[in-house]
Structures are given as C-alpha cells and as structure tokens.
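my_file-v2.txt follows (compact mmCIF, C-alpha atoms and all ligand atoms):
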# COMPACT_ATOMS: atom_id res chain seq x y z
CA MET A 258 0.00 0.00 0.00
CA PRO A 259 1.27 3.52 -0.79
CA SER A 260 1.45 5.86 2.20
CA PRO A 261 -1.86 7.63 2.88
CA LEU A 262 -2.39 11.14 1.53
CA THR A 263 -4.19 13.87 3.44
CA THR A 264 -7.20 15.54 1.87
CA ASP A 265 -5.14 18.66 1.22
CA GLU A 266 -2.41 16.64 -0.47
CA LEU A 267 -5.02 14.93 -2.65
CA ARG A 268 -6.52 18.29 -3.59
CA ALA A 269 -3.13 19.73 -4.48
CA LEU A 270 -2.23 16.73 -6.64
CA ASP A 271 -5.62 16.82 -8.33
CA LYS A 272 -5.20 20.47 -9.20
CA ALA A 273 -1.68 19.79 -10.47
CA HIS A 274 -2.55 16.86 -12.75
CA LEU A 275 -6.24 16.24 -13.43
CA TRP A 276 -8.45 17.78 -16.09
CA HIS A 277 -12.10 17.33 -15.13
CA PRO A 278 -15.01 16.76 -17.54
CA PHE A 279 -17.32 19.68 -18.38
CA THR A 280 -15.34 21.85 -15.97
CA GLN A 281 -13.81 25.31 -16.24
CA MET A 282 -10.44 24.34 -14.78
CA ARG A 283 -9.45 27.93 -13.99
CA ASP A 284 -12.21 27.98 -11.35
CA TRP A 285 -11.52 24.41 -10.26
CA CYS A 286 -7.83 25.14 -9.64
CA ALA A 287 -8.47 28.47 -7.88
CA THR A 288 -6.94 28.60 -4.42
CA ASP A 289 -10.31 29.20 -2.73
CA HIS A 290 -11.85 26.07 -4.32
CA ASP A 291 -11.60 22.97 -2.14
CA PRO A 292 -12.85 20.03 -4.19
CA ILE A 293 -14.71 17.33 -2.30
CA VAL A 294 -12.75 14.10 -2.38
CA ILE A 295 -15.26 11.24 -2.32
CA GLU A 296 -13.97 8.18 -0.52
CA ARG A 297 -16.79 5.67 -0.17
CA GLY A 298 -20.45 5.03 -0.68
CA GLU A 299 -23.25 2.90 0.66
CA GLY A 300 -26.83 2.76 -0.58
CA ALA A 301 -27.86 6.23 -1.73
CA TRP A 302 -25.06 7.91 0.28
CA LEU A 303 -21.50 9.04 -0.36
CA TRP A 304 -18.84 10.02 2.16
CA ASP A 305 -15.90 12.35 1.62
CA THR A 306 -12.39 12.00 3.06
CA GLU A 307 -13.33 14.35 5.90
CA GLY A 308 -16.19 12.12 7.02
CA ASN A 309 -19.06 14.25 5.65
CA ARG A 310 -22.05 12.35 4.35
CA TYR A 311 -24.05 13.33 1.25
CA LEU A 312 -27.11 11.90 -0.45
CA ASP A 313 -26.11 11.00 -4.02
CA GLY A 314 -28.74 13.33 -5.45
CA ASN A 315 -27.96 12.74 -9.13
CA SER A 316 -27.04 9.05 -8.89
CA SER A 317 -23.39 9.89 -9.65
CA ILE A 318 -24.32 11.61 -12.90
CA TRP A 319 -27.34 9.42 -13.69
CA THR A 320 -25.55 6.08 -13.43
CA ASN A 321 -26.31 4.50 -10.06
CA ILE A 322 -29.42 2.33 -9.77
CA HIS A 323 -29.53 0.04 -6.71
CA GLY A 324 -27.15 2.05 -4.53
CA HIS A 325 -23.45 2.01 -3.86
CA ARG A 326 -21.86 -1.18 -2.54
CA HIS A 327 -24.92 -3.28 -3.13
CA PRO A 328 -24.02 -6.69 -1.65
CA ALA A 329 -25.33 -8.62 -4.68
CA ILE A 330 -23.42 -6.57 -7.26
CA ASP A 331 -20.29 -6.51 -5.09
CA ALA A 332 -20.47 -10.31 -4.76
CA ALA A 333 -20.99 -10.83 -8.50
CA LEU A 334 -17.94 -8.71 -9.22
CA ARG A 335 -15.78 -10.53 -6.66
CA GLU A 336 -16.86 -13.87 -8.07
CA GLN A 337 -15.99 -12.78 -11.62
CA LEU A 338 -12.69 -11.33 -10.43
CA GLU A 339 -11.71 -14.76 -9.10
CA LYS A 340 -11.84 -15.91 -12.74
CA MET A 341 -10.61 -12.96 -14.80
CA ALA A 342 -11.12 -9.21 -15.18
CA HIS A 343 -10.98 -8.95 -18.94
CA CYS A 344 -10.53 -10.89 -22.14
CA SER A 345 -11.13 -9.80 -25.70
CA ALA A 346 -14.40 -10.25 -27.58
CA LEU A 347 -12.47 -10.28 -30.86
CA GLY A 348 -12.19 -13.96 -31.63
CA PHE A 349 -13.43 -15.18 -28.23
CA THR A 350 -16.50 -14.98 -26.09
CA ASN A 351 -17.24 -15.16 -22.38
CA GLU A 352 -20.09 -16.36 -20.20
CA PRO A 353 -21.14 -13.09 -18.51
CA ALA A 354 -21.38 -11.37 -21.93
CA ILE A 355 -23.47 -14.23 -23.33
CA ARG A 356 -25.79 -14.34 -20.33
CA LEU A 357 -26.21 -10.56 -20.33
CA ALA A 358 -27.05 -10.45 -24.04
CA LYS A 359 -29.76 -13.06 -23.45
CA ALA A 360 -31.08 -11.16 -20.41
CA LEU A 361 -31.25 -7.87 -22.34
CA VAL A 362 -32.96 -9.42 -25.34
CA ASP A 363 -35.46 -11.07 -22.97
CA CYS A 364 -36.53 -7.62 -21.76
CA PHE A 365 -38.32 -7.16 -25.11
CA PRO A 366 -40.98 -9.11 -27.02
CA GLU A 367 -39.60 -12.22 -28.69
CA GLY A 368 -38.08 -11.66 -32.12
CA THR A 369 -37.83 -7.85 -31.83
CA LEU A 370 -34.50 -6.57 -30.50
CA THR A 371 -32.47 -9.74 -30.79
CA ARG A 372 -28.83 -8.63 -31.21
CA VAL A 373 -26.51 -7.00 -28.70
CA PHE A 374 -23.31 -5.14 -29.59
CA TYR A 375 -21.23 -4.13 -26.57
CA THR A 376 -19.32 -0.86 -26.28
CA ASP A 377 -18.00 1.21 -23.38
CA ASP A 378 -20.30 4.17 -22.74
CA GLY A 379 -23.33 6.06 -23.95
CA SER A 380 -21.45 7.95 -26.63
CA THR A 381 -20.05 4.82 -28.22
CA ALA A 382 -23.39 3.01 -27.94
CA MET A 383 -24.89 5.81 -30.06
CA GLU A 384 -21.88 6.01 -32.36
CA CYS A 385 -22.24 2.26 -32.95
CA ALA A 386 -25.97 2.55 -33.70
CA CYS A 387 -25.33 5.32 -36.25
CA LYS A 388 -22.51 3.47 -37.96
CA MET A 389 -24.63 0.32 -38.17
CA ALA A 390 -27.48 2.36 -39.66
CA LEU A 391 -25.19 3.96 -42.27
CA GLN A 392 -23.49 0.72 -43.24
CA PHE A 393 -26.88 -1.02 -43.47
CA ARG A 394 -27.99 1.60 -46.00
CA GLN A 395 -24.80 1.10 -48.02
CA LEU A 396 -25.15 -2.68 -47.93
CA THR A 397 -28.79 -2.61 -49.00
CA GLY A 398 -28.34 -0.35 -52.01
CA HIS A 399 -29.20 3.03 -50.50
CA PRO A 400 -25.93 4.86 -49.91
CA GLU A 401 -27.82 8.12 -50.48
CA ARG A 402 -29.46 7.58 -47.08
CA HIS A 403 -26.44 8.93 -45.25
CA ARG A 404 -27.92 11.52 -42.89
CA PHE A 405 -29.57 11.53 -39.50
CA VAL A 406 -32.39 13.51 -38.01
CA ALA A 407 -31.95 14.55 -34.39
CA PHE A 408 -33.81 16.99 -32.15
CA ASP A 409 -32.99 20.47 -30.95
CA GLN A 410 -31.51 20.35 -27.42
CA ALA A 411 -30.63 16.67 -27.83
CA TYR A 412 -27.67 15.13 -26.04
CA HIS A 413 -26.26 11.84 -27.31
CA GLY A 414 -22.67 11.95 -26.05
CA ASP A 415 -19.33 13.56 -26.78
CA THR A 416 -17.45 11.45 -29.32
CA ALA A 417 -17.43 13.17 -32.72
CA GLY A 418 -20.33 11.21 -34.22
CA ALA A 419 -22.50 11.30 -31.12
CA ALA A 420 -21.77 15.01 -30.63
CA SER A 421 -22.88 15.83 -34.17
CA LEU A 422 -26.35 14.52 -33.22
CA GLY A 423 -26.36 16.90 -30.26
CA GLY A 424 -28.48 20.02 -30.28
CA ILE A 425 -27.11 21.99 -27.33
CA GLY A 426 -25.22 24.99 -28.72
CA THR A 427 -22.67 25.39 -25.92
CA PHE A 428 -21.61 21.75 -26.08
CA HIS A 429 -22.05 20.88 -29.71
CA GLU A 430 -21.74 23.84 -32.06
CA ARG A 431 -17.95 23.75 -32.12
CA PHE A 432 -17.91 20.17 -33.44
CA GLN A 433 -21.12 20.08 -35.46
CA LYS A 434 -19.26 19.71 -38.74
CA THR A 435 -16.82 17.01 -37.65
CA GLY A 436 -19.28 14.13 -37.34
CA PHE A 437 -22.34 12.78 -39.13
CA ASP A 438 -24.47 14.81 -41.52
CA VAL A 439 -27.36 15.74 -39.22
CA ILE A 440 -30.62 17.62 -39.71
CA HIS A 441 -31.98 19.07 -36.47
CA VAL A 442 -35.72 19.46 -35.98
CA SER A 443 -37.73 20.83 -33.05
CA ASP A 444 -40.56 18.28 -32.96
CA VAL A 445 -42.54 15.69 -34.91
CA GLU A 446 -44.36 18.39 -36.85
CA ALA A 447 -41.05 19.75 -38.14
CA LEU A 448 -39.99 16.22 -39.01
CA ARG A 449 -43.19 15.69 -41.02
CA ALA A 450 -42.56 18.97 -42.81
CA LEU A 451 -39.23 17.79 -44.24
CA PRO A 452 -39.41 17.66 -48.05
CA GLU A 453 -39.47 14.21 -49.59
CA GLU A 454 -36.11 14.70 -51.30
CA VAL A 455 -34.58 15.32 -47.87
CA VAL A 456 -36.37 12.40 -46.23
CA ASN A 457 -34.94 10.16 -48.93
CA THR A 458 -31.44 10.99 -47.68
CA VAL A 459 -32.15 10.03 -44.07
CA ALA A 460 -30.79 6.81 -42.54
CA GLY A 461 -32.38 7.21 -39.11
CA VAL A 462 -33.99 9.43 -36.49
CA ALA A 463 -32.39 9.62 -33.04
CA ILE A 464 -34.21 10.64 -29.89
CA GLU A 465 -33.99 10.47 -26.11
CA PRO A 466 -37.44 8.95 -25.50
CA LEU A 467 -39.88 10.80 -23.19
CA ILE A 468 -37.30 13.16 -21.70
CA GLN A 469 -34.22 15.08 -22.82
CA GLY A 470 -31.75 14.89 -19.94
CA ALA A 471 -28.95 17.32 -20.62
CA ALA A 472 -31.45 19.84 -22.02
CA GLY A 473 -32.68 20.28 -18.45
CA MET A 474 -35.07 17.32 -18.14
CA ARG A 475 -37.34 18.50 -20.97
CA LEU A 476 -40.40 16.28 -21.33
CA TRP A 477 -41.67 15.32 -24.78
CA PRO A 478 -45.42 15.33 -25.42
CA GLY A 479 -47.21 12.03 -24.75
CA GLY A 480 -47.72 9.85 -27.80
CA MET A 481 -44.66 11.21 -29.59
CA LEU A 482 -42.85 7.88 -29.76
CA ARG A 483 -45.79 6.28 -31.53
CA GLU A 484 -45.94 9.14 -34.00
CA LEU A 485 -42.23 8.77 -34.63
CA ARG A 486 -42.57 5.03 -35.11
CA THR A 487 -45.32 5.59 -37.66
CA TRP A 488 -43.30 8.21 -39.55
CA CYS A 489 -40.23 5.96 -39.59
CA ASP A 490 -42.27 3.01 -40.86
CA GLU A 491 -43.88 5.10 -43.58
CA THR A 492 -40.54 6.50 -44.75
CA ASP A 493 -38.51 3.33 -44.15
CA THR A 494 -36.24 5.22 -41.76
CA PHE A 495 -34.60 3.71 -38.68
CA LEU A 496 -35.76 4.80 -35.25
CA ILE A 497 -32.88 5.09 -32.77
CA PHE A 498 -33.70 5.36 -29.07
CA ASP A 499 -31.05 6.72 -26.77
CA GLU A 500 -32.03 5.26 -23.39
CA VAL A 501 -28.64 5.95 -21.89
CA MET A 502 -30.25 8.08 -19.17
CA THR A 503 -33.80 6.72 -19.14
CA GLY A 504 -32.93 3.01 -19.06
CA PHE A 505 -33.13 0.70 -16.06
CA GLY A 506 -36.10 1.98 -14.13
CA ARG A 507 -35.36 5.67 -13.92
CA THR A 508 -38.72 6.64 -15.48
CA GLY A 509 -40.77 4.07 -13.56
CA LYS A 510 -40.60 1.35 -16.21
CA LEU A 511 -37.49 -0.66 -17.05
CA PHE A 512 -37.19 1.32 -20.31
CA ALA A 513 -38.84 4.60 -21.25
CA CYS A 514 -40.08 3.22 -24.59
CA GLN A 515 -42.27 0.78 -22.65
CA HIS A 516 -44.46 3.70 -21.51
CA GLU A 517 -45.71 3.98 -25.09
CA ASP A 518 -45.19 0.37 -26.17
CA VAL A 519 -42.93 1.46 -29.00
CA LEU A 520 -39.81 -0.37 -30.10
CA PRO A 521 -36.91 1.22 -31.96
CA ASP A 522 -34.63 -0.33 -34.57
CA PHE A 523 -31.63 0.57 -32.42
CA LEU A 524 -31.56 0.95 -28.65
CA ALA A 525 -28.55 2.49 -26.89
CA LEU A 526 -28.01 1.53 -23.24
CA ALA A 527 -25.20 2.59 -20.93
CA LYS A 528 -25.14 4.60 -17.67
CA GLY A 529 -27.38 2.38 -15.49
CA LEU A 530 -26.59 -0.85 -17.33
CA THR A 531 -24.07 -2.00 -14.71
CA GLY A 532 -26.08 -0.47 -11.87
CA GLY A 533 -23.66 2.44 -12.08
CA TYR A 534 -20.61 0.31 -11.25
CA LEU A 535 -18.53 0.09 -14.43
CA PRO A 536 -18.38 1.59 -17.90
CA LEU A 537 -20.24 -0.78 -20.17
CA ALA A 538 -22.74 -0.07 -22.93
CA ALA A 539 -24.88 -2.01 -25.34
CA THR A 540 -26.50 -1.27 -28.69
CA LEU A 541 -29.46 -3.54 -29.34
CA THR A 542 -30.83 -4.05 -32.82
CA THR A 543 -33.01 -6.29 -34.96
CA GLU A 544 -32.39 -9.42 -37.00
CA ARG A 545 -33.24 -7.35 -40.12
CA VAL A 546 -30.24 -5.09 -39.50
CA PHE A 547 -27.97 -7.92 -38.38
CA SER A 548 -28.63 -10.14 -41.38
CA ALA A 549 -27.68 -7.40 -43.88
CA PHE A 550 -24.10 -7.64 -42.58
CA LEU A 551 -23.72 -11.37 -43.32
CA GLY A 552 -21.64 -12.40 -46.31
CA THR A 553 -18.36 -13.76 -47.65
CA PRO A 554 -15.09 -11.92 -46.92
CA GLU A 555 -15.03 -10.62 -50.53
CA GLU A 556 -18.44 -9.03 -50.09
CA GLN A 557 -16.93 -6.72 -47.43
CA LYS A 558 -20.06 -6.64 -45.31
CA THR A 559 -18.34 -7.07 -41.93
CA PHE A 560 -19.03 -4.40 -39.31
CA TYR A 561 -15.47 -3.21 -38.73
CA TYR A 562 -16.10 -1.53 -35.44
CA GLY A 563 -15.18 -2.31 -31.84
CA HIS A 564 -13.31 -1.29 -28.73
CA SER A 565 -10.62 -3.02 -26.70
CA TYR A 566 -12.96 -3.58 -23.75
CA CYS A 567 -16.06 -4.71 -25.67
CA ALA A 568 -18.03 -7.30 -23.66
CA ASN A 569 -15.84 -6.77 -20.59
CA PRO A 570 -16.68 -9.71 -18.29
CA LEU A 571 -16.56 -7.67 -15.08
CA GLY A 572 -18.96 -5.09 -16.47
CA CYS A 573 -21.26 -7.81 -17.79
CA ALA A 574 -21.23 -9.59 -14.41
CA ALA A 575 -22.22 -6.33 -12.67
CA ALA A 576 -24.96 -5.71 -15.27
CA LEU A 577 -26.39 -9.21 -14.81
CA ALA A 578 -26.49 -8.79 -11.04
CA SER A 579 -28.10 -5.36 -11.41
CA LEU A 580 -30.78 -6.69 -13.79
CA SER A 581 -31.59 -9.60 -11.43
CA LEU A 582 -32.15 -7.15 -8.59
CA PHE A 583 -35.11 -5.65 -10.47
CA GLU A 584 -36.82 -9.00 -9.86
CA THR A 585 -35.50 -10.03 -6.45
CA GLU A 586 -36.03 -6.59 -4.91
CA GLU A 587 -39.12 -5.71 -6.96
CA THR A 588 -37.40 -2.42 -7.69
CA LEU A 589 -40.03 -1.02 -10.05
CA SER A 590 -42.98 -1.37 -7.69
CA GLY A 591 -40.89 0.46 -5.08
CA VAL A 592 -40.17 3.21 -7.59
CA GLU A 593 -43.89 3.86 -8.03
CA THR A 594 -44.37 4.55 -4.28
CA LYS A 595 -41.25 6.71 -4.22
CA ARG A 596 -42.37 8.63 -7.30
CA VAL A 597 -45.51 9.70 -5.46
CA ARG A 598 -43.49 10.67 -2.39
CA LEU A 599 -41.10 12.70 -4.55
CA ALA A 600 -44.03 14.55 -6.15
CA GLU A 601 -45.36 15.43 -2.67
CA SER A 602 -41.96 16.64 -1.44
CA LEU A 603 -41.45 18.77 -4.55
CA GLN A 604 -44.90 20.28 -4.19
CA SER A 605 -44.54 21.05 -0.49
CA HIS A 606 -41.10 22.69 -0.81
CA PHE A 607 -41.32 24.32 -4.22
CA GLY A 608 -45.02 24.32 -5.24
CA ASP A 609 -45.50 28.04 -4.61
CA HIS A 610 -41.91 29.11 -4.15
CA PRO A 611 -41.35 32.66 -5.49
CA SER A 612 -38.10 31.64 -7.27
CA VAL A 613 -39.42 28.47 -8.92
CA GLY A 614 -40.82 28.83 -12.41
CA GLY A 615 -41.63 25.18 -12.97
CA ILE A 616 -41.27 21.64 -11.66
CA ARG A 617 -41.03 18.57 -13.86
CA GLN A 618 -40.99 14.92 -12.87
CA LEU A 619 -40.85 11.58 -14.60
CA GLY A 620 -40.42 8.55 -12.37
CA LEU A 621 -37.54 9.38 -10.02
CA ILE A 622 -36.21 12.15 -12.25
CA ALA A 623 -37.07 15.63 -10.97
CA ALA A 624 -36.22 19.10 -12.27
CA ILE A 625 -36.82 22.48 -10.66
CA ASP A 626 -36.44 25.64 -12.76
CA LEU A 627 -35.12 28.63 -10.84
CA VAL A 628 -36.32 32.02 -12.07
CA LYS A 629 -35.83 35.59 -10.95
CA ASP A 630 -39.54 36.23 -10.96
CA ARG A 631 -42.18 33.53 -10.83
CA THR A 632 -44.93 35.73 -12.27
CA THR A 633 -42.98 36.75 -15.39
CA SER A 634 -40.72 33.66 -15.59
CA GLU A 635 -37.81 36.07 -16.01
CA PRO A 636 -34.61 34.03 -15.79
CA PHE A 637 -31.45 34.88 -13.87
CA PRO A 638 -28.57 36.03 -16.07
CA TRP A 639 -26.94 32.70 -16.95
CA SER A 640 -23.50 34.05 -16.05
CA ASP A 641 -24.63 34.38 -12.41
CA LEU A 642 -24.42 30.56 -12.23
CA THR A 643 -27.37 30.55 -9.82
CA GLY A 644 -28.09 26.84 -10.25
CA ALA A 645 -24.46 25.93 -9.56
CA LYS A 646 -24.38 28.14 -6.47
CA VAL A 647 -27.49 26.43 -5.10
CA CYS A 648 -26.01 22.97 -5.66
CA ILE A 649 -22.80 24.02 -3.89
CA ALA A 650 -24.85 25.39 -0.98
CA ALA A 651 -26.79 22.09 -0.82
CA ARG A 652 -23.58 20.22 0.05
CA LYS A 653 -23.64 21.70 3.56
CA HIS A 654 -27.08 20.18 3.94
CA GLY A 655 -25.90 16.72 2.92
CA LEU A 656 -26.79 16.62 -0.77
CA LEU A 657 -24.67 16.26 -3.90
CA THR A 658 -26.15 17.11 -7.27
CA ARG A 659 -25.45 19.13 -10.41
CA PRO A 660 -27.77 21.55 -12.16
CA VAL A 661 -28.34 22.08 -15.87
CA LEU A 662 -27.86 25.87 -15.94
CA ASP A 663 -30.61 27.10 -13.58
CA THR A 664 -32.52 23.86 -13.57
CA LEU A 665 -31.88 21.89 -10.38
CA VAL A 666 -31.84 18.14 -10.92
CA PHE A 667 -32.78 15.61 -8.28
CA MET A 668 -32.44 12.06 -9.49
CA PRO A 669 -31.50 9.72 -6.64
CA PRO A 670 -30.64 6.03 -7.01
CA LEU A 671 -33.76 3.85 -7.18
CA CYS A 672 -32.88 2.36 -3.77
CA VAL A 673 -33.52 5.75 -2.13
CA THR A 674 -36.01 5.64 0.78
CA GLU A 675 -38.95 8.00 1.22
CA ASP A 676 -37.13 9.71 4.11
CA GLU A 677 -34.05 10.16 1.96
CA ILE A 678 -36.18 11.72 -0.79
CA GLU A 679 -37.51 14.23 1.73
CA HIS A 680 -33.97 14.87 2.99
CA GLY A 681 -32.76 15.60 -0.55
CA VAL A 682 -35.60 17.90 -1.58
CA ALA A 683 -35.47 19.74 1.76
CA ALA A 684 -31.71 20.22 1.34
CA LEU A 685 -32.29 21.76 -2.09
CA ALA A 686 -35.01 24.04 -0.70
CA ARG A 687 -32.74 25.25 2.11
CA ALA A 688 -29.95 25.87 -0.39
CA VAL A 689 -32.29 27.84 -2.69
CA ASP A 690 -33.37 30.05 0.21
CA GLU A 691 -29.78 30.63 1.33
CA VAL A 692 -28.58 31.61 -2.12
CA LEU A 693 -31.60 33.66 -3.18
CA GLY A 694 -32.29 35.14 0.26
C1 LIG B 1 -24.91 10.54 -20.68
C2 LIG B 1 -25.63 10.39 -21.94
C3 LIG B 1 -24.97 9.99 -23.11
C4 LIG B 1 -23.48 9.80 -23.18
O1 LIG B 1 -23.09 8.75 -22.36
P1 LIG B 1 -21.56 8.66 -21.87
O2 LIG B 1 -21.52 7.39 -21.08
O3 LIG B 1 -21.33 9.87 -21.02
O4 LIG B 1 -20.71 8.64 -23.08
C5 LIG B 1 -25.72 9.81 -24.25
N1 LIG B 1 -27.04 9.99 -24.24
C6 LIG B 1 -27.72 10.36 -23.14
C7 LIG B 1 -29.21 10.52 -23.21
C8 LIG B 1 -27.04 10.59 -21.95
O5 LIG B 1 -27.69 10.99 -20.87
Kindly return the structure encoded in the file as structure tokens.
Amino acid sequence: MPSPLTTDELRALDKAHLWHPFTQMRDWCATDHDPIVIERGEGAWLWDTEGNRYLDGNSSIWTNIHGHRHPAIDAALREQLEKMAHCSALGFTNEPAIRLAKALVDCFPEGTLTRVFYTDDGSTAMECACKMALQFRQLTGHPERHRFVAFDQAYHGDTAGAASLGGIGTFHERFQKTGFDVIHVSDVEALRALPEEVVNTVAGVAIEPLIQGAAGMRLWPGGMLRELRTWCDETDTFLIFDEVMTGFGRTGKLFACQHEDVLPDFLALAKGLTGGYLPLAATLTTERVFSAFLGTPEEQKTFYYGHSYCANPLGCAAALASLSLFETEETLSGVETKRVRLAESLQSHFGDHPSVGGIRQLGLIAAIDLVKDRTTSEPFPWSDLTGAKVCIAARKHGLLTRPVLDTLVFMPPLCVTEDEIEHGVAALARAVDEVLG
C-alpha cells in the first residue's frame, strides 16, 4: 500500500494533474476552491475524506441504480474477479457477456430486439448505432441515405459522431461539422414537414425517448414515440432510441419506450446498465439489421467496429447482477411509491416558491427551474451561475447534485427511501433560500 495522503495533499495533486469533464479548470484550480474528495459510498449515500455524508442526489451523474456497494453486485464482481477481469471479444467470447445479451434481449418481445453489440459508454453506444445504420444503408443499395435527423436540445454523447447529433449549442456547435451529416428538428411536426427529397437521404432518427436529460429534463409530449414510429415506418427510416439516461427503471418502467409500447430499430443503453458500477454499454438491434451484414469476406459486409474492452466480463457480471435485482427486490414497484413521495416533497417545498418557475418529474427524475420572478418567468442572467451556487450550498445540507444551468436536478438512485427523498428535496429548498435570500 502507498502511504496515505491527506485531503489537502489529494486536492493539491488533483489540481496539479487532473483535467475534469465539463469543468472550467481555472475555477476548479483556484486557491479558494476545495474540491470534495469522495472516498466511499453505501446505498444512496457518499462520504468524503473528511467524514461528511451526502445523499447521491444525481445518482453519480445518472448512473447508479440500486445504490453504492450493493451486496449482490459486489459479490458478483468478486466472483468474476476470481476468474478474470478482462478478455477480448475479438475472436473469443465469455459467459457473462453471453448471459447478459440473453437477459437484455429477454426484456423485449420475442423476435424484436435480438442482437446485442457491446461498447464502453453512452457515446459509443450511439456512435455504434449510427454506424450500423449507415453501413446497413450502403449494404442494401441506398448509400444516399447517409444523414440523421436529431432533435434540438438533444444530447447523445461527446465522441465526434454522437456530438454531431447533439443540439445543445454550448456543447455541440464547435464540433457540429466534424461528425455525421445531421438535420436538427424541433418536434414531430417539423420532421413531417421535411421535403421528400430530404427524407430520402435520411438513414435514421435519433431521440432520447420521453425526456431530454442534458437539455434540463425536458419532457416530450405524450404519444410522440408512436408518431415517430409511424413516420419511420412510412418512410422506411430507422428509429434510434437513446435510453442511456432513461434506461433501467429511472422513469418508472425498465425502459422509457415501454411507456408507449414502442420499439426502436436501435436501442442504446449505458449509464445504469451495470447499476452504475462500471463503464459498459450495449446497442441492441433487430435481425433485419444484423442479417444485412452477413456475407463472404469478398463481399466486405463485416461491421469493422469495436473497442478493446467490448463485452468486458466484469462489467457484464455487474450488469447481470443489477438486472436480477429488479426482480428479487421488486425495484419497479418500489419506484412507483417513491415517485408519489417525490411529487409530494417537490410540491410542499417548491409548489408556490417565489423563485421556482416550474417543476417537472418523470419517475424518479425531478427538475426544478429557478427564475428571478415567478410571475414573469424572467430568468437569472446565466453568467450568475445561480443553479451551480445552489447545488454548492446544498452540500452543507448533505446533498450532492449538479444543475443544468438554472434547472436543479434531483435524481436519486432507485434504492432511495422516502425519508431520503424528503432529505434531498429539503436540502435543495434550504440551499435555494440561502442563495436567493
Ligand atoms: C450521458 C448520456 C450519453 C453519453 O453517455 P456517456 O456514457 O457519457 O458517453 C448519451 N445519451 C444520453 C441521453 C445521456 O444521458
């Protein structure tokens, strides 16, 4: 064991050598910024190196499902570790990956989504779906169908292809031209209005079903997925669902698309797939897509795509254990009770709060919009970083979360108790009052 480091030593080394995601490092490295060093977790809670306890109010950026250190997932990982941590999926296979593929396919009606391609994270799960869609069009005689339709405010990840689908100016504008050829639309109506000669160039339509996460938990109108499915069927266009955030119970059903009984041609899964333990992702697709890639070596139909850690056995073992917990712990029926409790807490703390312009909720995903004036919905200047200040203030009250601009996000692990929900929402309310006076 290396000699222990004090919290201050860890902070100094971090500031000297790390570069954090989505972070202005000038502020991070400022002398008056003392980053929290998280040391351990249990259930819905995290502890820092100074012994402070925080509710994991955004499920460690939307990944954690059954809590930290869940005994069943820990045990599955230990058991797999006794055998091996990793082996390649190029030329070999492994039992956890096989079992997980079967378990994922079994989540959907027989004969629908039947094939599983493993990648590492949400971005690559989407990248993989798009590349499969493009190559399918080339292999089936329609190379002119080389574009994608995505939605304004969408977020599908940060690799070049996934980012080009994105519709959030601050994140995506800079790299819009370095990825896929993408048409952005605001809603189904705008999609329907696309001229036929444009539609004939489209390989697929990508969407975060029911709710756009990074856009600030924006809810889509009910029935939209069905309308999309119909449009895609009529135009012979692929429907690509990005359930990287919504998957694995977050919305109250195992997958968001099950709320509207709609199936896509490609389904991207990541964040919660391993219960929030390890980076593993999966792109599910149909036998129709899969079979187009079969052929002799000379036909050049192979899908030349993959990553070193595809089908990582440790990740697959964690994912299998996490999926089983939905049955053994009846997670989803618990989520329904907690959803109601969350709605009550939000209403009692923020229902008529003068600085709250709106509250949105889907399952255990909650968003609270802070505004300068409730009656006019006038926003705070974005450069005030009001949402960020509130989330920093909430730490003193035992809550960790991150806002999307001035939208506060509360999205605890599904194992959260009703008391913990109240603790989290109350902590946010106290922080709002402290910051806004
Ligand atoms: C987080 C997220 C992604 C990207 O996933 P990474 O694992 O961060 O690459 C893609 N789509 C949605 C909807 C997400 O929430």
Residues at most 8 Å from ligand LIG 1 (chain B), using only C-alpha atoms and all ligand atoms? Could they come as a list of chain:residue names?
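These are the residues that qualify: A:Ile318, A:Trp319, A:Asp377, A:Asp378, A:Gly379, A:Ser380, A:Thr381, A:Ala382, A:Met383, A:Ala411, A:Tyr412, A:His413, A:Gly414, A:Asp415, A:Thr416, A:Ala419, A:Glu465, A:Gln469, A:Gly470, A:Ala471, A:Asp499, A:Glu500, A:Val501, A:Met502, A:Thr503, A:Ala527, A:Lys528, A:Pro536, A:Ala538.
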Near Arg431 in chain A, within 10 Å and counting all atoms listed in the file, which residues show up once chain neighbours fewer than 4 positions away are dropped, as a VMD selection string?
chain A and resid 420 to 421 426 to 427 435
Would you save the residues of that selection, restricted to C-alpha atoms, as a tab-separated table (two decimals), keeping the file's coordinate frame?
chain	number	residue	atom	x	y	z
A	420	ALA	CA	-21.77	15.01	-30.63
A	421	SER	CA	-22.88	15.83	-34.17
A	426	GLY	CA	-25.22	24.99	-28.72
A	427	THR	CA	-22.67	25.39	-25.92
A	435	THR	CA	-16.82	17.01	-37.65
Closest atom pairs, residues of range 535-644 of chain A within 7 Å of range 341-362 of chain A, all atoms listed in the file, as JSON lines:
{"residue": "A:Ser565", "atom": "CA", "partner": "A:Ser345", "partner_atom": "CA", "distance": 6.9}
{"residue": "A:Tyr566", "atom": "CA", "partner": "A:Ser345", "partner_atom": "CA", "distance": 6.8}
{"residue": "A:Cys567", "atom": "CA", "partner": "A:Ala346", "partner_atom": "CA", "distance": 6.1}
{"residue": "A:Ala568", "atom": "CA", "partner": "A:Ala354", "partner_atom": "CA", "distance": 5.5}
{"residue": "A:Asn569", "atom": "CA", "partner": "A:His343", "partner_atom": "CA", "distance": 5.6}
{"residue": "A:Pro570", "atom": "CA", "partner": "A:Pro353", "partner_atom": "CA", "distance": 5.6}
{"residue": "A:Leu571", "atom": "CA", "partner": "A:Ala342", "partner_atom": "CA", "distance": 5.7}
{"residue": "A:Cys573", "atom": "CA", "partner": "A:Pro353", "partner_atom": "CA", "distance": 5.3}
{"residue": "A:Ala574", "atom": "CA", "partner": "A:Pro353", "partner_atom": "CA", "distance": 5.4}
{"residue": "A:Leu577", "atom": "CA", "partner": "A:Leu357", "partner_atom": "CA", "distance": 5.7}
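Across the model, the gap from CA of Ala651 in chain A to CA of Glu307 in chain A is 16.9 Å.
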Counting only C-alpha atoms, closest pick from A:Ala329, A:Leu520, A:Pro400, A:Pro636 relative to Thr585 in chain A is A:Ala329
Can you tell me which residues surround Thr458 in chain A at a distance of at most 10 Å, considering all atoms listed in the file, apart from same-chain residues fewer than 4 positions away, and format the answer as a ChimeraX atom specification?
/A:399-405,453-454,494
Could you work out how far CA of Gly532 in chain A lies from CA of Leu665 in chain A, giving the answer in Å with one decimal?
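We find that CA of Leu665 in chain A and CA of Gly532 in chain A lie 23.1 Å from each other.
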